[in-house]
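This is target-v3.txt. It holds compact mmCIF, C-alpha atoms and all ligand atoms.
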# COMPACT_ATOMS: atom_id res chain seq x y z
CA MET A 155 8.99 -21.74 0.96
CA LYS A 156 12.09 -19.68 0.26
CA GLN A 157 11.60 -16.04 1.17
CA SER A 158 13.18 -13.58 -1.23
CA VAL A 159 14.96 -10.55 0.23
CA LYS A 160 12.53 -8.00 1.60
CA LEU A 161 12.22 -4.46 0.22
CA VAL A 162 11.67 -1.51 2.55
CA ALA A 163 10.85 1.62 0.53
CA GLY A 164 10.27 5.15 1.81
CA ASN A 165 7.73 7.37 0.07
CA TRP A 166 8.49 11.00 0.85
CA LYS A 167 5.34 12.15 -1.03
CA MET A 168 5.38 15.96 -1.58
CA ASN A 169 7.89 16.53 1.20
CA GLY A 170 11.54 17.46 0.98
CA LEU A 171 13.77 20.30 -0.16
CA GLY A 172 17.52 20.19 -0.68
CA ALA A 173 18.13 20.27 3.08
CA SER A 174 16.31 16.95 3.44
CA LEU A 175 19.11 15.19 1.59
CA ALA A 176 20.94 15.22 4.91
CA GLU A 177 18.45 12.59 6.16
CA ALA A 178 19.22 10.39 3.16
CA GLU A 179 22.94 10.81 3.79
CA THR A 180 22.52 9.91 7.47
CA LEU A 181 20.64 6.78 6.42
CA GLU A 182 23.31 5.80 3.90
CA LYS A 183 26.06 6.29 6.47
CA ALA A 184 24.26 4.08 9.00
CA LEU A 185 23.78 1.34 6.42
CA LYS A 186 27.46 1.54 5.52
CA GLU A 187 28.35 0.96 9.16
CA GLN A 188 25.86 -1.88 9.55
CA ALA A 189 24.41 -3.34 6.37
CA ALA A 190 20.66 -3.89 6.15
CA ALA A 191 19.22 -7.38 5.85
CA CYS A 192 16.76 -6.04 3.26
CA ARG A 193 16.81 -3.85 0.16
CA VAL A 194 16.30 -0.20 1.06
CA ALA A 195 14.86 2.48 -1.22
CA LEU A 196 13.91 6.13 -0.91
CA CYS A 197 11.38 7.74 -3.24
CA PRO A 198 11.80 11.53 -2.95
CA PRO A 199 9.92 14.15 -4.98
CA ALA A 200 11.04 14.19 -8.63
CA THR A 201 12.99 17.42 -8.01
CA LEU A 202 15.34 15.61 -5.62
CA ILE A 203 15.94 12.36 -7.51
CA GLU A 204 19.03 13.52 -9.34
CA ARG A 205 20.61 15.22 -6.33
CA MET A 206 19.88 12.24 -4.09
CA ALA A 207 21.32 9.87 -6.69
CA ARG A 208 24.53 11.91 -6.79
CA ALA A 209 24.75 12.19 -3.01
CA LEU A 210 24.25 8.45 -2.48
CA ALA A 211 26.06 7.18 -5.59
CA GLY A 212 27.40 3.66 -5.15
CA GLY A 213 25.69 3.22 -1.79
CA ALA A 214 23.13 0.79 -0.43
CA VAL A 215 20.06 3.00 -0.74
CA GLU A 216 18.18 2.62 -4.01
CA ILE A 217 16.22 5.55 -5.40
CA GLY A 218 12.73 5.64 -6.83
CA GLY A 219 10.19 8.04 -8.25
CA GLN A 220 6.62 8.38 -6.98
CA ASP A 221 4.79 8.39 -10.31
CA CYS A 222 5.41 8.69 -14.03
CA HIS A 223 3.35 9.42 -17.12
CA ALA A 224 2.33 6.54 -19.38
CA ALA A 225 3.69 8.30 -22.47
CA SER A 226 7.41 8.51 -23.16
CA SER A 227 7.26 12.21 -24.14
CA GLY A 228 4.85 14.78 -25.50
CA ALA A 229 2.44 17.60 -24.70
CA TYR A 230 1.71 16.68 -21.06
CA THR A 231 2.49 19.86 -19.17
CA GLY A 232 3.72 19.21 -15.66
CA SER A 233 4.29 15.48 -16.04
CA VAL A 234 7.49 13.44 -16.04
CA SER A 235 8.09 10.30 -18.07
CA ALA A 236 9.55 7.03 -16.86
CA GLU A 237 12.64 7.62 -18.98
CA MET A 238 13.13 11.04 -17.37
CA ILE A 239 13.14 9.74 -13.83
CA ARG A 240 15.32 6.81 -14.91
CA GLU A 241 17.83 9.23 -16.38
CA ALA A 242 17.69 11.32 -13.20
CA GLY A 243 18.88 8.28 -11.26
CA ALA A 244 15.81 6.31 -10.20
CA GLY A 245 15.75 2.53 -10.43
CA LEU A 246 12.22 2.09 -9.11
CA VAL A 247 8.93 3.92 -9.35
CA ILE A 248 5.80 3.84 -7.17
CA LEU A 249 2.68 3.59 -9.35
CA GLY A 250 -1.03 3.68 -8.55
CA HIS A 251 -0.63 5.02 -5.02
CA SER A 252 -4.08 5.59 -3.50
CA GLU A 253 -3.37 9.32 -3.35
CA ARG A 254 -3.01 9.23 -7.15
CA ARG A 255 -6.04 7.00 -7.59
CA ALA A 256 -8.26 9.14 -5.32
CA GLY A 257 -6.83 12.60 -5.97
CA PHE A 258 -6.01 12.33 -9.68
CA GLY A 259 -8.63 9.83 -10.82
CA GLU A 260 -6.20 7.11 -11.85
CA THR A 261 -7.93 3.88 -12.84
CA ASP A 262 -6.49 0.37 -12.89
CA ALA A 263 -6.07 0.72 -16.67
CA ASP A 264 -4.15 4.00 -16.20
CA VAL A 265 -1.89 2.29 -13.67
CA ALA A 266 -1.29 -0.67 -16.00
CA ALA A 267 -0.28 1.73 -18.80
CA LYS A 268 2.18 3.44 -16.46
CA VAL A 269 3.60 0.06 -15.46
CA GLU A 270 4.24 -0.69 -19.14
CA ALA A 271 6.01 2.66 -19.49
CA ALA A 272 8.12 1.99 -16.41
CA LEU A 273 9.17 -1.45 -17.70
CA ALA A 274 10.05 0.02 -21.09
CA ALA A 275 12.33 2.53 -19.35
CA GLY A 276 14.00 -0.16 -17.25
CA LEU A 277 12.35 0.86 -13.98
CA GLU A 278 11.12 -1.59 -11.34
CA PRO A 279 7.53 -0.67 -10.53
CA ILE A 280 6.01 -0.80 -7.04
CA ILE A 281 2.31 -1.14 -7.83
CA CYS A 282 -0.03 0.03 -5.07
CA ILE A 283 -3.46 -1.37 -4.28
CA GLY A 284 -5.76 -1.20 -1.26
CA GLU A 285 -9.34 -0.89 -0.14
CA THR A 286 -11.11 2.14 1.36
CA LEU A 287 -12.66 2.04 4.83
CA GLN A 288 -16.11 1.80 3.28
CA GLU A 289 -15.03 -1.21 1.22
CA ARG A 290 -13.39 -2.83 4.25
CA GLU A 291 -16.54 -2.33 6.35
CA ALA A 292 -18.66 -3.81 3.57
CA GLY A 293 -16.51 -6.97 3.67
CA GLN A 294 -15.09 -6.16 0.24
CA ALA A 295 -11.36 -5.85 0.94
CA VAL A 296 -10.35 -9.08 -0.78
CA PRO A 297 -12.51 -8.67 -3.91
CA VAL A 298 -11.36 -5.04 -4.27
CA VAL A 299 -7.64 -5.80 -4.09
CA SER A 300 -8.06 -8.86 -6.32
CA ARG A 301 -9.75 -6.70 -8.94
CA GLN A 302 -7.01 -4.07 -8.63
CA VAL A 303 -4.33 -6.72 -9.15
CA ALA A 304 -6.12 -8.09 -12.22
CA GLY A 305 -6.51 -4.60 -13.71
CA SER A 306 -3.27 -2.89 -12.71
CA LEU A 307 -0.71 -5.60 -13.53
CA PRO A 308 -0.07 -5.95 -17.27
CA ALA A 309 0.82 -9.44 -18.53
CA SER A 310 4.26 -8.14 -19.53
CA LEU A 311 5.27 -8.04 -15.84
CA ALA A 312 5.81 -11.82 -15.75
CA GLY A 313 9.51 -12.46 -15.25
CA LYS A 314 10.37 -8.78 -14.63
CA PRO A 315 11.44 -7.33 -11.28
CA PHE A 316 8.50 -5.58 -9.60
CA ALA A 317 6.68 -5.36 -6.29
CA VAL A 318 3.06 -4.95 -5.25
CA ALA A 319 2.24 -2.81 -2.21
CA TYR A 320 -0.94 -3.51 -0.26
CA GLU A 321 -1.89 -0.24 1.39
CA PRO A 322 -5.35 -0.05 2.96
CA VAL A 323 -6.43 3.54 2.23
CA TRP A 324 -7.76 3.96 5.78
CA ALA A 325 -4.37 3.00 7.25
CA ILE A 326 -2.34 5.57 5.32
CA GLY A 327 -1.19 8.45 7.51
CA THR A 328 -3.80 7.67 10.17
CA GLY A 329 -1.87 5.63 12.72
CA LEU A 330 -4.41 2.83 12.18
CA THR A 331 -3.31 -0.59 10.95
CA PRO A 332 -5.20 -3.77 10.14
CA THR A 333 -4.74 -6.70 12.51
CA LEU A 334 -1.96 -9.11 11.62
CA ASP A 335 -4.63 -11.67 10.65
CA GLN A 336 -6.23 -9.16 8.29
CA ILE A 337 -2.85 -8.39 6.72
CA GLU A 338 -2.16 -12.11 6.29
CA GLU A 339 -5.58 -12.70 4.73
CA VAL A 340 -5.23 -9.91 2.18
CA HIS A 341 -1.61 -10.71 1.30
CA ALA A 342 -2.58 -14.34 0.62
CA ALA A 343 -5.40 -13.12 -1.62
CA VAL A 344 -3.08 -10.70 -3.42
CA ARG A 345 -0.61 -13.51 -4.09
CA ALA A 346 -3.40 -15.69 -5.47
CA ALA A 347 -4.55 -12.84 -7.71
CA MET A 348 -0.98 -12.26 -8.92
CA VAL A 349 -0.62 -15.94 -9.85
CA ALA A 350 -4.04 -15.92 -11.51
CA ARG A 351 -2.94 -12.90 -13.55
CA LEU A 352 0.69 -13.79 -14.34
CA GLY A 353 0.97 -17.53 -13.80
CA GLU A 354 4.28 -18.64 -12.27
CA GLY A 355 5.56 -15.12 -13.02
CA GLY A 356 3.33 -13.90 -10.20
CA ARG A 357 5.04 -15.92 -7.50
CA ALA A 358 8.40 -14.24 -6.96
CA ALA A 359 7.63 -10.53 -6.61
CA PRO A 360 7.42 -9.28 -3.02
CA ILE A 361 4.14 -7.97 -1.64
CA LEU A 362 4.88 -4.97 0.58
CA TYR A 363 2.56 -3.80 3.32
CA GLY A 364 2.02 -0.03 3.63
CA GLY A 365 -0.01 2.18 5.95
CA SER A 366 1.20 3.57 9.29
CA VAL A 367 4.28 1.34 9.47
CA LYS A 368 6.57 2.62 12.22
CA PRO A 369 9.52 1.28 14.23
CA SER A 370 7.20 -0.01 16.96
CA ASN A 371 5.01 -2.18 14.69
CA ALA A 372 7.43 -3.04 11.86
CA ALA A 373 8.81 -6.31 13.25
CA GLU A 374 5.42 -7.95 13.78
CA ILE A 375 4.08 -6.79 10.40
CA LEU A 376 7.21 -7.87 8.53
CA ALA A 377 6.96 -11.33 10.12
CA VAL A 378 3.49 -11.98 8.67
CA PRO A 379 3.51 -14.66 5.93
CA GLU A 380 3.69 -13.13 2.43
CA VAL A 381 4.72 -9.71 3.74
CA GLY A 382 7.79 -9.11 1.61
CA GLY A 383 8.63 -5.64 2.86
CA ALA A 384 7.11 -2.28 3.65
CA LEU A 385 6.15 0.94 1.90
CA VAL A 386 6.62 3.70 4.43
CA GLY A 387 5.35 7.27 4.26
CA GLY A 388 5.66 9.52 7.30
CA ALA A 389 8.22 7.38 9.12
CA SER A 390 10.61 7.48 6.15
CA LEU A 391 11.20 11.22 6.43
CA LYS A 392 13.56 10.92 9.39
CA ALA A 393 16.58 8.62 9.07
CA ASP A 394 16.26 7.36 12.66
CA ASP A 395 12.62 6.30 12.28
CA PHE A 396 13.23 4.72 8.90
CA LEU A 397 16.27 2.86 10.24
CA GLY A 398 14.12 1.47 13.05
CA ILE A 399 11.89 -0.10 10.42
CA ILE A 400 14.79 -1.30 8.25
CA ARG A 401 16.43 -2.99 11.26
CA ALA A 402 13.16 -4.87 11.90
CA ALA A 403 13.23 -6.47 8.45
P1 LIG B 1 2.20 6.26 5.93
O1 LIG B 1 2.06 6.26 4.33
O2 LIG B 1 3.35 5.34 6.27
O3 LIG B 1 2.50 7.70 6.29
O4 LIG B 1 0.92 5.77 6.49
C1 LIG B 1 2.25 5.10 3.57
C2 LIG B 1 2.11 5.40 2.10
O5 LIG B 1 1.24 6.20 1.72
O6 LIG B 1 2.85 4.84 1.27
Is it possible to express this structure as structure tokens?
Ligand code: PGA
Amino acid sequence: MKQSVKLVAGNWKMNGLGASLAEAETLEKALKEQAAACRVALCPPATLIERMARALAGGAVEIGGQDCHAASSGAYTGSVSAEMIREAGAGLVILGHSERRAGFGETDADVAAKVEAALAAGLEPIICIGETLQEREAGQAVPVVSRQVAGSLPASLAGKPFAVAYEPVWAIGTGLTPTLDQIEEVHAAVRAAMVARLGEGGRAAPILYGGSVKPSNAAEILAVPEVGGALVGGASLKADDFLGIIRAA
């Protein structure tokens, strides 16, 4: 089967002040000298999107947000809309990250509404799913992610550019990763759930793996069938580490 180009996206989470743009510039410079074999994106805090977009204008690194509100505007103090981050310079947006699901009570329906908002603003959503350790130990990883796919992906995604990111909650920021067989099993199940939800429109979008991806394990993870890229937290903060992952793709 033809493999589409992989996407390696960095999620800076709530890290980064103006000085951190130097890391993004170092990354861009390295990719100018030697082009990546994959798409590369950085998702900084909302406060840095516009400055990063200016600093990297016309370059290889794409820019994304980490969340957006489902409404296009209104009385939602503290929130940013999809259109706002699009205008600031983002082309992608991470939605439904487990830190949003666990820490802010986001449900699959909330995530699906945000995906609709992102599509309406012309953003490419990266929709995150993944089981907790308790669910994994109860043998529920596949049913949990299948349910999350069914609930978090609106039908309107068919034919649009988007990605799904499988991030086991217990692997995020812990240094733990599933075995390659476990990753393969879940990615195959996620693909089946995407096709069940979207028909043929569920076949093309890449399924990223996320959770403790680092330069030393990136090559073997990215070689697993149906792993279409990586969503990287901690190791995306330093250009050298992130480059190590990008070069493995
Ligand atoms: P991590 O985070 O790479 O630091 O484990 C991944 C993520 O939360 O997207």
Would you give me, as a Markdown table, each residue of chain A having an atom within 7 Å of an atom of ligand LIG 1 (chain B), along with its shortest atom pair and that distance in Å to one decimal, using only C-alpha atoms and all ligand atoms and sorting by chain and residue number?
| residue | atom | partner | partner_atom | distance |
| --- | --- | --- | --- | --- |
| A:Asn165 | CA | B:LIG1 | O6 | 5.6 |
| A:Glu321 | CA | B:LIG1 | O6 | 6.9 |
| A:Ala325 | CA | B:LIG1 | O4 | 6.0 |
| A:Ile326 | CA | B:LIG1 | O4 | 3.5 |
| A:Gly327 | CA | B:LIG1 | O4 | 3.6 |
| A:Thr328 | CA | B:LIG1 | O4 | 6.3 |
| A:Gly329 | CA | B:LIG1 | O4 | 6.8 |
| A:Gly364 | CA | B:LIG1 | C1 | 5.1 |
| A:Gly365 | CA | B:LIG1 | O4 | 3.7 |
| A:Ser366 | CA | B:LIG1 | O4 | 3.6 |
| A:Val367 | CA | B:LIG1 | O2 | 5.2 |
| A:Leu385 | CA | B:LIG1 | O6 | 5.1 |
| A:Val386 | CA | B:LIG1 | O2 | 4.1 |
| A:Gly387 | CA | B:LIG1 | O2 | 3.4 |
| A:Gly388 | CA | B:LIG1 | O3 | 3.8 |
| A:Ala389 | CA | B:LIG1 | O2 | 6.0 |
Using all atoms listed in the file, tabulate the residues of stretch 225-274 of chain A lying at most 10 Å from any atom of stretch 288-304 of chain A, each with its closest atom pair and that distance in Å to one decimal, by chain and increasing residue number, as JSON lines.
{"residue": "A:Gly250", "atom": "CA", "partner": "A:Gln302", "partner_atom": "CA", "distance": 9.8}
{"residue": "A:Thr261", "atom": "CA", "partner": "A:Gln302", "partner_atom": "CA", "distance": 9.0}
{"residue": "A:Asp262", "atom": "CA", "partner": "A:Gln302", "partner_atom": "CA", "distance": 6.2}
{"residue": "A:Ala263", "atom": "CA", "partner": "A:Gln302", "partner_atom": "CA", "distance": 9.4}
{"residue": "A:Val265", "atom": "CA", "partner": "A:Gln302", "partner_atom": "CA", "distance": 9.6}
{"residue": "A:Ala266", "atom": "CA", "partner": "A:Ala304", "partner_atom": "CA", "distance": 9.6}
Counting only C-alpha atoms, the option among A:Ile283, A:Ala343, A:Ala191, A:Ala309 closest to A:Ser158: A:Ala191
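Closest approach to A:Pro315 among A:Val378, A:Ala190, A:Ala229, A:Ala359: A:Ala359, based on all atoms listed in the file.
The coordinates place atom CA of A:Pro322 at 5.1 Å from atom CA of A:Glu285.
Of the residues under consideration (A:Pro308, A:Gly276, A:Gly232, A:Gly383), A:Gly383 shows the shortest atom-to-atom contact distance to A:Gly164 when counting all atoms listed in the file.
Distance-wise, atom CA of A:Lys392 and atom CA of A:Ser174 end up 8.9 Å apart.
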Given only C-alpha atoms as the counted atoms, nearest of A:Ile375, A:Ile400, A:Cys192, A:Met238 to A:Asp335: A:Ile375
Of the listed residues A:Arg254, A:Arg357, A:Arg240, A:Lys160, that which approaches A:Ala312 most closely, counting all atoms listed in the file: A:Arg357
Sorted by chain and rising residue number, which residues of stretch 256-351 of chain A lie within 10 Å of stretch 211-224 of chain A, and what are their closest atom pairs and distances in Å to one decimal, counting only C-alpha atoms, as JSON lines?
{"residue": "A:Asp264", "atom": "CA", "partner": "A:Ala224", "partner_atom": "CA", "distance": 7.7}
{"residue": "A:Val265", "atom": "CA", "partner": "A:Ala224", "partner_atom": "CA", "distance": 8.3}
{"residue": "A:Ala266", "atom": "CA", "partner": "A:Ala224", "partner_atom": "CA", "distance": 8.7}
{"residue": "A:Ala267", "atom": "CA", "partner": "A:Ala224", "partner_atom": "CA", "distance": 5.5}
{"residue": "A:Lys268", "atom": "CA", "partner": "A:Ala224", "partner_atom": "CA", "distance": 4.3}
{"residue": "A:Val269", "atom": "CA", "partner": "A:Ala224", "partner_atom": "CA", "distance": 7.7}
{"residue": "A:Glu270", "atom": "CA", "partner": "A:Ala224", "partner_atom": "CA", "distance": 7.5}
{"residue": "A:Ala271", "atom": "CA", "partner": "A:Ala224", "partner_atom": "CA", "distance": 5.3}
{"residue": "A:Ala272", "atom": "CA", "partner": "A:Cys222", "partner_atom": "CA", "distance": 7.6}
{"residue": "A:Leu277", "atom": "CA", "partner": "A:Gly218", "partner_atom": "CA", "distance": 8.6}
{"residue": "A:Glu278", "atom": "CA", "partner": "A:Gly218", "partner_atom": "CA", "distance": 8.7}
{"residue": "A:Pro279", "atom": "CA", "partner": "A:Gly218", "partner_atom": "CA", "distance": 9.0}
{"residue": "A:Ile280", "atom": "CA", "partner": "A:Gln220", "partner_atom": "CA", "distance": 9.2}
Between atom CA of A:Val323 and atom CA of A:Ala275 - distance in Å to one decimal: 28.6 Å
Selection near A:Ala173, 12 Å with only C-alpha atoms, sequence-local residues under 5 positions removed, as number ranges by chain: A: 178-179, 202, 205-206, 391
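Considering the residues A:Pro332, A:Leu210, A:Leu273, A:Val159 and counting all atoms listed in the file, A:Lys183 has its shortest atom-to-atom contact with A:Leu210.
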Residue list as an mmCIF file with C-alpha atoms, in the frame of the given file for point (-2.4, -5.4, 1.9), cut-off 7 Å, all atoms listed in the file:
data_model
loop_
_atom_site.group_PDB
_atom_site.id
_atom_site.type_symbol
_atom_site.label_atom_id
_atom_site.label_comp_id
_atom_site.auth_asym_id
_atom_site.auth_seq_id
_atom_site.Cartn_x
_atom_site.Cartn_y
_atom_site.Cartn_z
ATOM 1 C CA GLY A 284 -5.760 -1.200 -1.260
ATOM 2 C CA ALA A 319 2.240 -2.810 -2.210
ATOM 3 C CA TYR A 320 -0.940 -3.510 -0.260
ATOM 4 C CA GLU A 321 -1.890 -0.240 1.390
ATOM 5 C CA PRO A 322 -5.350 -0.050 2.960
ATOM 6 C CA ILE A 337 -2.850 -8.390 6.720
ATOM 7 C CA VAL A 340 -5.230 -9.910 2.180
ATOM 8 C CA HIS A 341 -1.610 -10.710 1.300
ATOM 9 C CA TYR A 363 2.560 -3.800 3.320
#
Your completed stretch 335-359 of chain A with N, CA and C atoms, as a compact mmCIF listing (two decimals), in the frame of the given file:
# COMPACT_ATOMS: atom_id res chain seq x y z
N ASP A 335 -3.81 -10.67 11.38
CA ASP A 335 -4.63 -11.67 10.65
C ASP A 335 -5.22 -11.06 9.38
N GLN A 336 -5.67 -9.81 9.48
CA GLN A 336 -6.23 -9.16 8.29
C GLN A 336 -5.15 -8.95 7.23
N ILE A 337 -3.95 -8.56 7.68
CA ILE A 337 -2.85 -8.39 6.72
C ILE A 337 -2.54 -9.73 6.04
N GLU A 338 -2.48 -10.78 6.84
CA GLU A 338 -2.16 -12.11 6.29
C GLU A 338 -3.24 -12.54 5.27
N GLU A 339 -4.48 -12.30 5.62
CA GLU A 339 -5.58 -12.70 4.73
C GLU A 339 -5.49 -11.98 3.38
N VAL A 340 -5.26 -10.67 3.44
CA VAL A 340 -5.23 -9.91 2.18
C VAL A 340 -3.97 -10.25 1.38
N HIS A 341 -2.83 -10.38 2.05
CA HIS A 341 -1.61 -10.71 1.30
C HIS A 341 -1.74 -12.06 0.59
N ALA A 342 -2.38 -13.03 1.26
CA ALA A 342 -2.58 -14.34 0.62
C ALA A 342 -3.48 -14.18 -0.62
N ALA A 343 -4.49 -13.33 -0.49
CA ALA A 343 -5.40 -13.12 -1.62
C ALA A 343 -4.70 -12.38 -2.76
N VAL A 344 -3.83 -11.44 -2.40
CA VAL A 344 -3.08 -10.70 -3.42
C VAL A 344 -2.15 -11.66 -4.17
N ARG A 345 -1.49 -12.54 -3.43
CA ARG A 345 -0.61 -13.51 -4.09
C ARG A 345 -1.41 -14.39 -5.06
N ALA A 346 -2.57 -14.85 -4.60
CA ALA A 346 -3.40 -15.69 -5.47
C ALA A 346 -3.81 -14.93 -6.72
N ALA A 347 -4.14 -13.65 -6.55
CA ALA A 347 -4.55 -12.84 -7.71
C ALA A 347 -3.37 -12.60 -8.66
N MET A 348 -2.18 -12.45 -8.08
CA MET A 348 -0.98 -12.26 -8.92
C MET A 348 -0.70 -13.51 -9.75
N VAL A 349 -0.86 -14.68 -9.13
CA VAL A 349 -0.62 -15.94 -9.85
C VAL A 349 -1.72 -16.16 -10.89
N ALA A 350 -2.95 -15.79 -10.53
CA ALA A 350 -4.04 -15.92 -11.51
C ALA A 350 -3.77 -15.03 -12.73
N ARG A 351 -3.18 -13.86 -12.47
CA ARG A 351 -2.94 -12.90 -13.55
C ARG A 351 -1.70 -13.25 -14.37
N LEU A 352 -0.62 -13.66 -13.67
CA LEU A 352 0.69 -13.79 -14.34
C LEU A 352 1.23 -15.22 -14.38
N GLY A 353 0.46 -16.16 -13.85
CA GLY A 353 0.97 -17.53 -13.80
C GLY A 353 2.15 -17.61 -12.84
N GLU A 354 3.12 -18.48 -13.15
CA GLU A 354 4.28 -18.64 -12.27
C GLU A 354 5.02 -17.32 -12.09
N GLY A 355 4.92 -16.44 -13.09
CA GLY A 355 5.56 -15.12 -13.02
C GLY A 355 4.99 -14.24 -11.92
N GLY A 356 3.92 -14.68 -11.29
CA GLY A 356 3.33 -13.90 -10.20
C GLY A 356 3.74 -14.39 -8.83
N ARG A 357 4.68 -15.34 -8.80
CA ARG A 357 5.04 -15.92 -7.50
C ARG A 357 6.21 -15.23 -6.81
N ALA A 358 7.14 -14.68 -7.57
CA ALA A 358 8.40 -14.24 -6.96
C ALA A 358 8.35 -12.82 -6.40
N ALA A 359 7.58 -11.95 -7.00
CA ALA A 359 7.63 -10.53 -6.61
C ALA A 359 7.15 -10.35 -5.17
